[in-house]
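For reference, the structure is listed below as structure tokens.
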Amino acid sequence: MAVGKSTYISFMIVCLILGYCCFIATEYIATVVLISTGIYVGSKAIPRGSVSSKNKAVFITGCDTGFGHNLALRLDQLGYLVYAGCLHPENKNARILQTSSKSKKLTIVACDVTSDESVLAAKEKVQKSLPSGFILWAIVNNAGIWSYSEIEIVSLEAFKRLAEVNVYGTVRITKAFLPMLRRYKEQTIRRTLTENELSKIWESLVSTNHGKIDEKTNFSRPNDRGDNSIE
């Protein structure tokens with residue numbers, strides 16, 4: 001027999017109340033067990049699911065290595081049509097993306113986010129090669145660079161380089177692809193670094209640049225309803 005969400009939530013509340021009572025009575029082990037059980041059972045009431053990948057294309061920047069590289073392969077595995085933006089489309093990592101593609105439809109797109117010409121060419125390639133019936137469902141602004149040092153010893157050129165990639169690169173990509181996204185009323189995804197929240201003086205280069213993106217953008221899915229996790 002299926003158990004409703006209200007039952008899970010009620011059980012969680014009971015466990016938390018009993019846990020609190022045990023805490024008052026200094027029964028710490030029982031407290032931990034009851035609270036942990038309540039949280040676990042309550043989590044079952046959270047709706048889960050995934051977004052359909054049918055006829056959806058995604059453009060990702062910074063796919064040469066790291067998160068972008070892995071995300072491109074994962075979304076390809078889930079059935080999305082992936083356009084992987086690479087700064088060096090002829091290098092080994094780009095070839096690995098293509099050979100590792102489950103669908104064999106993953107497309108490498110040359111993209112330097114600091115260049116207006118390169119971004120425009122990337123947009124035109126995606127626009128022209130998008131199959132009939134497909135939509136550009138999302139862009140992932142993943143391209144970014146790191147630099148750690150104390151602010152006193154860092155050159156102004158280093159700050160400018162970080163801003164050009166991490167801030168203006170994101171803006172450049174979004175402005176170029178936004179008309180395609182708006183056409184289908186889909187979404188823009190930006191990825192920033194946790195250093196923004198945990199910034200120290202020696203991390204100022206990273207946190208300052210990504211902080212600007214946090215101020216201007218939000219993660220949103222205007223068309224979808226309910227849970228939209230990609231697992």
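Simple scheme: letters A, B, ... for chains in structure tokens order, numbers from 1 for residues in each chain, numbers from 1 for ligands in the order shown.
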
Which polymer residues have any atom within 10 Å of an atom of Ile96 (chain A), counting only C-alpha atoms, with same-chain residues fewer than 4 positions away left out, as number ranges by chain?
A: 64, 69, 73, 91-92, 100-101

Write out the residues from the selection above, keeping all heavy atoms, as a tab-separated table (two decimals), in the first residue's frame.
chain	number	residue	atom	x	y	z
A	64	ASP	N	36.82	21.71	-21.94
A	64	ASP	CA	38.14	21.10	-22.16
A	64	ASP	C	38.50	20.14	-21.03
A	64	ASP	O	39.03	19.06	-21.25
A	64	ASP	CB	39.22	22.18	-22.27
A	64	ASP	CG	39.00	23.08	-23.47
A	64	ASP	OD1	38.20	24.03	-23.36
A	64	ASP	OD2	39.63	22.84	-24.50
A	69	HIS	N	33.69	19.27	-18.79
A	69	HIS	CA	33.98	18.04	-19.52
A	69	HIS	C	33.07	16.90	-19.03
A	69	HIS	O	32.43	16.21	-19.83
A	69	HIS	CB	35.46	17.67	-19.30
A	69	HIS	CG	35.94	16.51	-20.11
A	69	HIS	ND1	36.57	16.66	-21.33
A	69	HIS	CD2	35.87	15.17	-19.89
A	69	HIS	CE1	36.88	15.48	-21.82
A	69	HIS	NE2	36.46	14.56	-20.97
A	73	LEU	N	29.57	14.92	-20.87
A	73	LEU	CA	29.41	13.47	-21.03
A	73	LEU	C	28.17	12.96	-20.30
A	73	LEU	O	27.46	12.08	-20.80
A	73	LEU	CB	30.66	12.75	-20.50
A	73	LEU	CG	31.93	12.92	-21.33
A	73	LEU	CD1	33.10	12.23	-20.65
A	73	LEU	CD2	31.75	12.40	-22.75
A	91	ASN	N	42.54	19.62	-29.21
A	91	ASN	CA	43.41	18.90	-28.28
A	91	ASN	C	42.85	17.54	-27.88
A	91	ASN	O	41.75	17.14	-28.28
A	91	ASN	CB	43.73	19.75	-27.04
A	91	ASN	CG	42.53	19.92	-26.12
A	91	ASN	OD1	41.48	19.32	-26.33
A	91	ASN	ND2	42.69	20.72	-25.09
A	92	LYS	N	43.62	16.82	-27.06
A	92	LYS	CA	43.26	15.45	-26.69
A	92	LYS	C	41.94	15.37	-25.93
A	92	LYS	O	41.14	14.46	-26.16
A	92	LYS	CB	44.38	14.87	-25.82
A	92	LYS	CG	44.13	13.44	-25.37
A	92	LYS	CD	45.29	12.91	-24.54
A	92	LYS	CE	45.34	13.62	-23.20
A	92	LYS	NZ	46.38	13.02	-22.31
A	100	SER	N	34.06	9.36	-26.36
A	100	SER	CA	33.37	8.84	-25.18
A	100	SER	C	31.87	9.09	-25.23
A	100	SER	O	31.13	8.62	-24.36
A	100	SER	CB	33.93	9.47	-23.90
A	100	SER	OG	35.30	9.23	-23.77
A	101	SER	N	31.41	9.82	-26.23
A	101	SER	CA	29.99	10.14	-26.34
A	101	SER	C	29.17	8.88	-26.56
A	101	SER	O	29.42	8.11	-27.48
A	101	SER	CB	29.77	11.12	-27.51
A	101	SER	OG	28.39	11.24	-27.80

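Between CA of Ala110 (chain A) and CA of Lys56 (chain A) the interatomic distance comes to 20.6 Å.
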
When you draw a straight line from CA of Gln127 (chain A) to CA of Met180 (chain A), how long is it in Å?
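It comes out at 8.1 Å.
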
Could you please write out, as a list of chain:residue names, every residue of region 107-143 of chain A that DSSP assigns to helix (DSSP H, G or I)?
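Those residues are A:Asp116, A:Glu117, A:Ser118, A:Val119, A:Leu120, A:Ala121, A:Ala122, A:Lys123, A:Glu124, A:Lys125, A:Val126, A:Gln127, A:Lys128, A:Ser129.
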
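The list of residues with at least one atom within 9 Å of Leu162 (chain A), based on only C-alpha atoms and without residues fewer than 2 positions apart in the same chain, reads Gly144, Ile145, Trp146, Ser147, Glu157, Ala158, Phe159, Lys160, Glu164, Val165, Asn166, Val167, Leu205, Val206 and Asn209 of chain A.
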
Quick one: residues within 7 Å of region 119-125 of chain A, only C-alpha atoms counted, chain neighbours fewer than 5 positions away excluded, as a ChimeraX atom specification?
/A:109-113,173,176-177

Apply DSSP to the structure's backbone, then extract all residues of region 36-187 of chain A labelled strand (DSSP E or B) and return them as a list in words.
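Strand (DSSP E or B) assignments inside region 36-187 of chain A correspond to Lys56, Ala57, Val58, Phe59, Ile60, Leu81, Val82, Tyr83, Ala84, Gly85, Cys86, Thr107, Ile108, Val109, Ala110, Ile135, Leu136, Trp137, Ala138, Ile139, Val140, Asn141 and Gln187 of chain A.
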
Could you write those residues out with N, CA, C and O atoms, as a CSV table (one decimal), in the first residue's frame?
chain,number,residue,atom,x,y,z
A,56,LYS,N,15.9,18.1,-26.7
A,56,LYS,CA,16.5,19.3,-26.0
A,56,LYS,C,18.0,19.3,-26.2
A,56,LYS,O,18.7,18.3,-26.0
A,57,ALA,N,18.5,20.5,-26.5
A,57,ALA,CA,19.9,20.7,-26.7
A,57,ALA,C,20.5,21.6,-25.6
A,57,ALA,O,19.8,22.5,-25.1
A,58,VAL,N,21.7,21.4,-25.2
A,58,VAL,CA,22.4,22.2,-24.2
A,58,VAL,C,23.8,22.6,-24.7
A,58,VAL,O,24.5,21.8,-25.3
A,59,PHE,N,24.1,23.9,-24.5
A,59,PHE,CA,25.4,24.4,-24.8
A,59,PHE,C,26.2,24.7,-23.5
A,59,PHE,O,25.7,25.3,-22.6
A,60,ILE,N,27.4,24.1,-23.4
A,60,ILE,CA,28.2,24.2,-22.2
A,60,ILE,C,29.6,24.8,-22.6
A,60,ILE,O,30.2,24.4,-23.6
A,81,LEU,N,21.1,16.6,-26.5
A,81,LEU,CA,22.0,16.9,-27.6
A,81,LEU,C,23.0,17.9,-27.0
A,81,LEU,O,22.6,19.1,-26.7
A,82,VAL,N,24.2,17.6,-26.9
A,82,VAL,CA,25.2,18.4,-26.2
A,82,VAL,C,26.1,19.1,-27.2
A,82,VAL,O,26.7,18.5,-28.1
A,83,TYR,N,26.2,20.4,-27.0
A,83,TYR,CA,27.2,21.2,-27.8
A,83,TYR,C,28.3,21.6,-26.7
A,83,TYR,O,28.0,22.4,-25.8
A,84,ALA,N,29.5,21.1,-26.9
A,84,ALA,CA,30.5,21.3,-25.9
A,84,ALA,C,31.5,22.3,-26.3
A,84,ALA,O,32.2,22.1,-27.3
A,85,GLY,N,31.4,23.5,-25.7
A,85,GLY,CA,32.3,24.6,-26.0
A,85,GLY,C,33.7,24.3,-25.5
A,85,GLY,O,33.9,24.2,-24.3
A,86,CYS,N,34.7,24.3,-26.4
A,86,CYS,CA,36.1,24.1,-25.9
A,86,CYS,C,37.0,25.2,-26.4
A,86,CYS,O,36.9,25.6,-27.6
A,107,THR,N,28.7,17.4,-30.0
A,107,THR,CA,29.4,18.2,-31.0
A,107,THR,C,30.3,19.2,-30.3
A,107,THR,O,30.0,19.8,-29.3
A,108,ILE,N,31.6,19.2,-30.7
A,108,ILE,CA,32.6,20.1,-30.2
A,108,ILE,C,32.5,21.4,-30.9
A,108,ILE,O,32.4,21.5,-32.1
A,109,VAL,N,32.4,22.5,-30.1
A,109,VAL,CA,32.3,23.8,-30.7
A,109,VAL,C,33.5,24.7,-30.2
A,109,VAL,O,33.6,24.8,-28.9
A,110,ALA,N,34.2,25.2,-31.1
A,110,ALA,CA,35.3,26.1,-30.7
A,110,ALA,C,34.7,27.4,-30.0
A,110,ALA,O,33.9,28.0,-30.6
A,135,ILE,N,15.1,22.1,-29.5
A,135,ILE,CA,15.2,23.4,-28.9
A,135,ILE,C,16.5,23.6,-28.1
A,135,ILE,O,17.0,22.6,-27.6
A,136,LEU,N,17.0,24.8,-28.1
A,136,LEU,CA,18.2,25.0,-27.2
A,136,LEU,C,17.6,25.2,-25.8
A,136,LEU,O,17.0,26.3,-25.5
A,137,TRP,N,17.7,24.2,-25.0
A,137,TRP,CA,17.0,24.2,-23.7
A,137,TRP,C,17.7,24.9,-22.6
A,137,TRP,O,17.1,25.5,-21.7
A,138,ALA,N,19.1,24.9,-22.7
A,138,ALA,CA,19.9,25.6,-21.7
A,138,ALA,C,21.3,25.9,-22.2
A,138,ALA,O,21.8,25.2,-23.1
A,139,ILE,N,21.9,26.9,-21.6
A,139,ILE,CA,23.3,27.2,-21.7
A,139,ILE,C,23.9,27.1,-20.3
A,139,ILE,O,23.3,27.5,-19.3
A,140,VAL,N,25.1,26.5,-20.2
A,140,VAL,CA,25.8,26.4,-19.0
A,140,VAL,C,27.1,27.2,-19.0
A,140,VAL,O,28.0,26.9,-19.7
A,141,ASN,N,27.1,28.3,-18.3
A,141,ASN,CA,28.3,29.2,-18.3
A,141,ASN,C,29.3,28.6,-17.3
A,141,ASN,O,29.3,29.0,-16.1
A,187,GLN,N,16.2,28.3,-20.3
A,187,GLN,CA,16.9,28.8,-19.1
A,187,GLN,C,18.4,29.0,-19.3
A,187,GLN,O,19.0,28.5,-20.3

May I ask which of the residues A:Leu106, A:Gly62, A:Ser53, A:Thr114 is the closest one to Arg161 (chain A), counting only C-alpha atoms?
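Counting only C-alpha atoms, the residue closest to Arg161 (chain A) is A:Thr114.
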
Identify which of the residues A:Cys63, A:Gln77, A:Asp116, A:Tyr148 lies closest to Ala94 (chain A), counting only C-alpha atoms when measuring atom-to-atom distances.
A:Cys63
